[in-house]
>>> print(open('protein-v1.txt').read())   # compact mmCIF, C-alpha atoms and all ligand atoms
# COMPACT_ATOMS: atom_id res chain seq x y z
CA MET A 1361 148.41 301.82 176.97
CA LYS A 1362 147.97 298.26 178.27
CA LYS A 1363 150.79 295.97 177.15
CA ARG A 1364 149.47 293.09 175.01
CA ASN A 1365 150.37 289.53 175.84
CA SER A 1366 152.55 287.96 173.16
CA ASN A 1367 151.26 284.42 173.83
CA GLY A 1368 147.67 285.65 173.29
CA ASP A 1369 148.60 287.50 170.12
CA PHE A 1370 150.44 284.45 168.80
CA VAL A 1371 147.35 282.25 169.21
CA LYS A 1372 145.14 284.92 167.58
CA GLU A 1373 147.49 285.23 164.62
CA PHE A 1374 147.58 281.43 164.28
CA VAL A 1375 143.78 281.37 164.02
CA ARG A 1376 144.00 284.06 161.31
CA ASN A 1377 146.83 282.48 159.38
CA ARG A 1378 147.72 278.89 160.24
CA LYS A 1379 150.11 278.37 157.38
CA GLN A 1380 152.18 281.43 158.20
CA LEU A 1381 152.63 280.57 161.88
CA GLY A 1382 152.70 276.79 161.56
CA THR A 1383 151.95 276.21 165.25
CA PRO A 1384 149.55 277.81 167.80
CA PHE A 1385 152.15 278.26 170.55
CA GLN A 1386 155.32 280.27 170.56
CA SER A 1387 158.53 278.68 171.81
CA SER A 1388 158.94 278.02 175.53
CA LYS A 1389 161.94 279.53 177.29
CA TYR A 1390 163.44 276.03 177.44
CA LEU A 1391 163.24 275.55 173.68
CA ALA A 1392 164.51 279.10 173.09
CA LYS A 1393 167.52 278.47 175.33
CA ALA A 1394 168.26 275.10 173.72
CA VAL A 1395 168.28 276.80 170.30
CA ALA A 1396 170.43 279.71 171.51
CA LYS A 1397 173.04 277.31 172.92
CA GLN A 1398 173.66 275.93 169.42
CA VAL A 1399 174.42 279.33 167.85
CA VAL A 1400 177.97 279.84 166.54
CA GLY A 1401 179.86 282.94 165.36
CA TYR A 1402 179.09 286.64 165.62
CA ASN A 1403 176.93 287.48 162.60
CA ILE A 1404 173.64 285.74 163.19
CA VAL A 1405 170.46 285.83 161.12
CA GLU A 1406 167.12 284.81 162.60
CA LEU A 1407 164.28 283.87 160.23
CA GLY A 1408 160.68 283.88 161.50
CA ALA A 1409 161.46 285.56 164.83
CA GLY A 1410 157.79 285.94 165.81
CA ALA A 1411 157.34 287.90 169.05
CA GLY A 1412 160.98 287.19 169.93
CA PRO A 1413 161.40 284.36 172.47
CA VAL A 1414 164.41 282.92 170.62
CA THR A 1415 165.71 286.41 169.76
CA LYS A 1416 165.87 287.24 173.48
CA ALA A 1417 167.49 283.90 174.33
CA ILE A 1418 170.22 284.41 171.70
CA LEU A 1419 170.98 287.91 172.99
CA ASN A 1420 171.09 286.58 176.58
CA GLU A 1421 173.28 283.62 175.70
CA LEU A 1422 175.80 285.58 173.60
CA LYS A 1423 177.14 288.34 175.78
CA GLU A 1424 179.78 289.80 173.43
CA GLU A 1425 179.36 293.36 172.12
CA ALA A 1426 180.60 292.18 168.69
CA VAL A 1427 177.51 290.01 168.15
CA ARG A 1428 175.14 291.18 165.39
CA LEU A 1429 171.70 289.60 165.23
CA THR A 1430 169.47 290.41 162.24
CA ALA A 1431 165.92 289.14 162.76
CA PHE A 1432 163.27 288.77 160.01
CA GLU A 1433 159.55 288.60 160.73
CA ASN A 1434 156.75 289.45 158.32
CA ASN A 1435 153.68 289.29 160.59
CA PRO A 1436 152.89 292.91 161.61
CA ARG A 1437 151.21 292.01 164.89
CA LEU A 1438 154.11 289.86 166.09
CA LEU A 1439 156.54 292.49 164.83
CA GLU A 1440 155.00 294.94 167.33
CA HIS A 1441 156.28 292.69 170.14
CA LEU A 1442 159.64 292.05 168.50
CA ILE A 1443 160.50 295.75 168.17
CA GLN A 1444 160.13 296.16 171.91
CA ILE A 1445 163.35 294.23 172.50
CA GLU A 1446 165.99 296.81 173.36
CA ASP A 1447 169.49 295.72 172.41
CA SER A 1448 171.88 297.70 170.21
CA ARG A 1449 173.17 294.44 168.68
CA LEU A 1450 169.75 293.63 167.22
CA THR A 1451 168.43 294.75 163.81
CA ILE A 1452 164.81 293.89 162.99
CA ILE A 1453 163.59 293.60 159.42
CA GLY A 1454 159.85 293.38 158.83
CA GLU A 1455 160.15 291.60 155.50
CA SER A 1456 159.85 288.07 154.22
CA ALA A 1457 162.76 285.79 155.06
CA GLU A 1458 163.00 284.73 151.44
CA ASN A 1459 164.81 287.99 150.67
CA PHE A 1460 167.21 287.83 153.60
CA GLN A 1461 170.30 287.92 151.38
CA ASP A 1462 169.23 291.33 150.00
CA TYR A 1463 169.88 292.68 153.51
CA ILE A 1464 172.79 290.63 154.79
CA GLN A 1465 175.43 288.72 152.84
CA ASP A 1466 177.97 288.05 155.57
CA PHE A 1467 176.64 285.62 158.18
CA ASP A 1468 178.01 282.82 160.36
CA CYS A 1469 174.83 281.23 161.62
CA ILE A 1470 171.18 281.11 160.57
CA VAL A 1471 168.48 280.32 163.10
CA SER A 1472 165.10 279.46 161.62
CA GLY A 1473 161.71 278.96 163.23
CA LEU A 1474 160.04 279.15 159.82
CA PRO A 1475 157.20 276.68 159.20
CA LEU A 1476 159.01 275.05 156.27
CA THR A 1477 156.37 272.40 155.67
CA SER A 1478 153.58 274.92 155.02
CA MET A 1479 155.61 277.35 152.90
CA PRO A 1480 155.74 277.35 149.08
CA LYS A 1481 158.43 274.93 147.88
CA ASN A 1482 160.24 277.53 145.76
CA VAL A 1483 160.52 279.88 148.77
CA VAL A 1484 161.85 277.05 150.97
CA HIS A 1485 164.37 276.15 148.28
CA SER A 1486 165.63 279.70 147.94
CA ILE A 1487 166.02 280.08 151.74
CA LEU A 1488 167.78 276.74 152.28
CA ASN A 1489 169.99 277.21 149.24
CA ALA A 1490 171.16 280.62 150.48
CA SER A 1491 171.60 279.19 154.00
CA LYS A 1492 174.18 276.66 152.77
CA GLU A 1493 176.69 279.54 152.93
CA ALA A 1494 176.40 279.67 156.72
CA GLN A 1495 178.77 277.83 159.04
CA ARG A 1496 175.65 276.45 160.75
CA TYR A 1497 171.90 276.43 160.05
CA ILE A 1498 169.62 275.72 162.99
CA GLN A 1499 165.96 274.78 162.42
CA TYR A 1500 163.35 274.24 165.12
CA LYS A 1501 159.54 273.91 165.21
CA TYR A 1502 159.74 271.84 162.10
CA PHE A 1503 157.84 268.68 161.37
CA PRO A 1504 160.04 267.00 158.80
CA GLU A 1505 158.94 265.95 155.39
CA GLY A 1506 161.43 263.31 154.33
CA ASP A 1507 165.05 264.30 154.26
CA LEU A 1508 164.61 267.92 153.16
CA LEU A 1509 167.44 269.32 155.28
CA LYS A 1510 169.80 266.55 154.12
CA GLN A 1511 169.36 267.77 150.55
CA TYR A 1512 171.12 270.99 151.54
CA PHE A 1513 173.49 270.00 154.36
CA SER A 1514 175.95 267.11 154.63
CA SER A 1515 175.58 266.93 158.41
CA VAL A 1516 172.16 267.10 160.12
CA LYS A 1517 172.15 266.41 163.87
CA SER A 1518 169.21 266.75 166.22
CA ARG A 1519 168.46 267.50 169.85
CA VAL A 1520 165.11 266.85 171.52
CA VAL A 1521 163.58 269.45 173.84
CA PHE A 1522 160.86 268.12 176.16
CA ARG A 1523 159.68 271.27 177.93
CA ASN A 1524 157.73 272.89 175.11
CA ILE A 1525 154.28 272.69 173.50
CA PRO A 1526 154.29 270.32 171.72
CA PRO A 1527 156.72 268.35 173.90
CA LEU A 1528 159.45 266.48 172.04
CA THR A 1529 160.29 269.43 169.84
CA ILE A 1530 163.38 268.81 167.76
CA VAL A 1531 166.19 271.27 167.13
CA TYR A 1532 168.09 270.42 163.93
CA ILE A 1533 171.73 271.50 163.68
CA CYS A 1534 172.87 271.51 160.05
CA GLU A 1535 176.33 272.06 158.58
CA ASN A 1536 178.31 271.42 155.42
CA HIS A 1537 181.74 269.93 156.10
C1 LIG B 1 156.64 278.64 164.30
S1 LIG B 1 156.57 280.42 164.37
C2 LIG B 1 158.06 280.74 165.33
C3 LIG B 1 158.00 282.07 166.03
C4 LIG B 1 159.10 282.31 167.06
N1 LIG B 1 160.40 282.26 166.47
C5 LIG B 1 159.00 281.30 168.20
O1 LIG B 1 159.96 280.55 168.36
O2 LIG B 1 158.01 281.28 168.91
C6 LIG B 1 157.01 280.86 162.71
C7 LIG B 1 157.23 282.34 162.50
O3 LIG B 1 157.68 282.54 161.15
C8 LIG B 1 157.03 283.70 160.63
N2 LIG B 1 157.09 283.59 159.16
C9 LIG B 1 156.41 282.74 158.35
N3 LIG B 1 156.74 282.95 157.07
C10 LIG B 1 157.67 283.94 157.06
C11 LIG B 1 158.41 284.58 156.05
N4 LIG B 1 158.27 284.24 154.75
N5 LIG B 1 159.27 285.56 156.40
C12 LIG B 1 159.43 285.91 157.71
N6 LIG B 1 158.76 285.34 158.71
C13 LIG B 1 157.89 284.36 158.41
C14 LIG B 1 155.64 283.64 161.22
O4 LIG B 1 154.97 284.86 161.15
C15 LIG B 1 155.96 283.18 162.64
O5 LIG B 1 156.22 284.27 163.47
>>> encode(input="protein-v1.txt", output="structure tokens")
Amino acid sequence: MKKRNSNGDFVKEFVRNRKQLGTPFQSSKYLAKAVAKQVVGYNIVELGAGAGPVTKAILNELKEEAVRLTAFENNPRLLEHLIQIEDSRLTIIGESAENFQDYIQDFDCIVSGLPLTSMPKNVVHSILNASKEAQRYIQYKYFPEGDLLKQYFSSVKSRVVFRNIPPLTIVYICENH
């Protein structure tokens, strides 16, 4: 069977469901690497993994066997790409990110590509509230509405990544001290 192109599928899924994907283009390898470099700890949760560009970058960046990455993605077509990543440290859950704590309670770092601005406010609240437990919460592909992240984290730092579509994508690094 011919292997489908994940960039093409991402655009098609965006046309079908703009709010769910939030953006027509998946992350470039430069953005994915910039996100992966910010990851801390061993138990990592990824929310909105899509076809897996950031998933792959995290697994490449963190070489240790002890690393556990649990990735959530609820779009079936993108999930088909995600499950092709072969790494024994990776667990993929094809469910909504809003229930992530039903699957994993012990986590060091949360990495989110979720389109927070187009998601229902109660779902965003429940995800960010649960994420406060993490040592670090990393959010990318997010077009901020006011100081949302500052309502949940005492420290919100940002890094700009130029080589992505759109350029000037911001990676937010959030912690509670
Ligand atoms: C901006 S895309 C990021 C995809 C990928 N991480 C990347 O960097 O290219 C947002 C992703 O979040 C997924 N998503 C949206 N709402 C979700 C939810 N409630 N639970 C899990 N995934 C969700 C979408 O299907 C999409 O794959």
>>> residues_around(input="protein-v1.txt", residues="stretch 1456-1461 of chain A", least_positions_apart="3", cutoff="7 Å", atoms="only C-alpha atoms", output="list in words")
Leu1407, Phe1432, Glu1433, Asn1434, Ile1464, Gln1465, Val1483, Ser1486 and Ile1487 of chain A
>>> residues_near_ligand(input="protein-v1.txt", ligand="ligand LIG 1 (chain B)", cutoff="7 Å", atoms="all atoms listed in the file", output="list of chain:residue names")
A:Gln1380, A:Leu1381, A:Gly1382, A:Thr1383, A:Phe1385, A:Gln1386, A:Ser1387, A:Ala1392, A:Leu1407, A:Gly1408, A:Ala1409, A:Gly1410, A:Ala1411, A:Gly1412, A:Pro1413, A:Val1414, A:Phe1432, A:Glu1433, A:Asn1434, A:Asn1435, A:Leu1438, A:Glu1455, A:Ser1456, A:Ala1457, A:Glu1458, A:Gly1473, A:Leu1474, A:Pro1475, A:Lys1501
>>> closest_atom_pairs(input="protein-v1.txt", of="stretch 1447-1501 of chain A", to="stretch 1522-1531 of chain A", cutoff="7 Å", atoms="only C-alpha atoms", output="tab-separated table")
residue	atom	partner	partner_atom	distance
A:Ile1498	CA	A:Val1531	CA	7.0
A:Gln1499	CA	A:Val1531	CA	5.9
A:Tyr1500	CA	A:Val1531	CA	4.6
A:Lys1501	CA	A:Thr1529	CA	6.5
>>> atom_distance(input="protein-v1.txt", atom1="atom CA of A:Leu1391", atom2="atom CA of A:Val1521")
6.1 Å
>>> closest_residue(input="protein-v1.txt", among="A:Ala1394, A:Arg1437, A:Phe1513, A:Asn1420", to="A:Gly1368", atoms="all atoms listed in the file")
A:Arg1437
>>> atom_distance(input="protein-v1.txt", atom1="atom CA of A:Lys1423", atom2="atom CA of A:Ala1396")
11.7 Å
>>> closest_atom_pairs(input="protein-v1.txt", of="stretch 1365-1472 of chain A", to="stretch 1488-1495 of chain A", cutoff="9 Å", atoms="only C-alpha atoms", output="JSON lines")
{"residue": "A:Val1400", "atom": "CA", "partner": "A:Gln1495", "partner_atom": "CA", "distance": 7.8}
{"residue": "A:Gly1401", "atom": "CA", "partner": "A:Gln1495", "partner_atom": "CA", "distance": 8.2}
{"residue": "A:Phe1460", "atom": "CA", "partner": "A:Ala1490", "partner_atom": "CA", "distance": 8.8}
{"residue": "A:Gln1461", "atom": "CA", "partner": "A:Ala1490", "partner_atom": "CA", "distance": 7.4}
{"residue": "A:Asp1466", "atom": "CA", "partner": "A:Ala1494", "partner_atom": "CA", "distance": 8.6}
{"residue": "A:Phe1467", "atom": "CA", "partner": "A:Ala1494", "partner_atom": "CA", "distance": 6.1}
{"residue": "A:Asp1468", "atom": "CA", "partner": "A:Ala1494", "partner_atom": "CA", "distance": 5.1}
{"residue": "A:Cys1469", "atom": "CA", "partner": "A:Ala1494", "partner_atom": "CA", "distance": 5.4}
{"residue": "A:Ile1470", "atom": "CA", "partner": "A:Ala1494", "partner_atom": "CA", "distance": 6.6}
>>> atom_distance(input="protein-v1.txt", atom1="atom CA of A:Tyr1402", atom2="atom CA of A:Leu1509")
23.3 Å
>>> closest_residue(input="protein-v1.txt", among="A:Val1371, A:Val1405, A:Asn1536, A:Tyr1502", to="A:Ser1514", atoms="only C-alpha atoms")
A:Asn1536
>>> closest_residue(input="protein-v1.txt", among="A:Leu1476, A:Ala1431, A:Val1399, A:Leu1439", to="A:Tyr1463", atoms="all atoms listed in the file")
A:Ala1431
>>> closest_residue(input="protein-v1.txt", among="A:Lys1363, A:Arg1496, A:Lys1389, A:Lys1379", to="A:Thr1477", atoms="only C-alpha atoms")
A:Lys1379
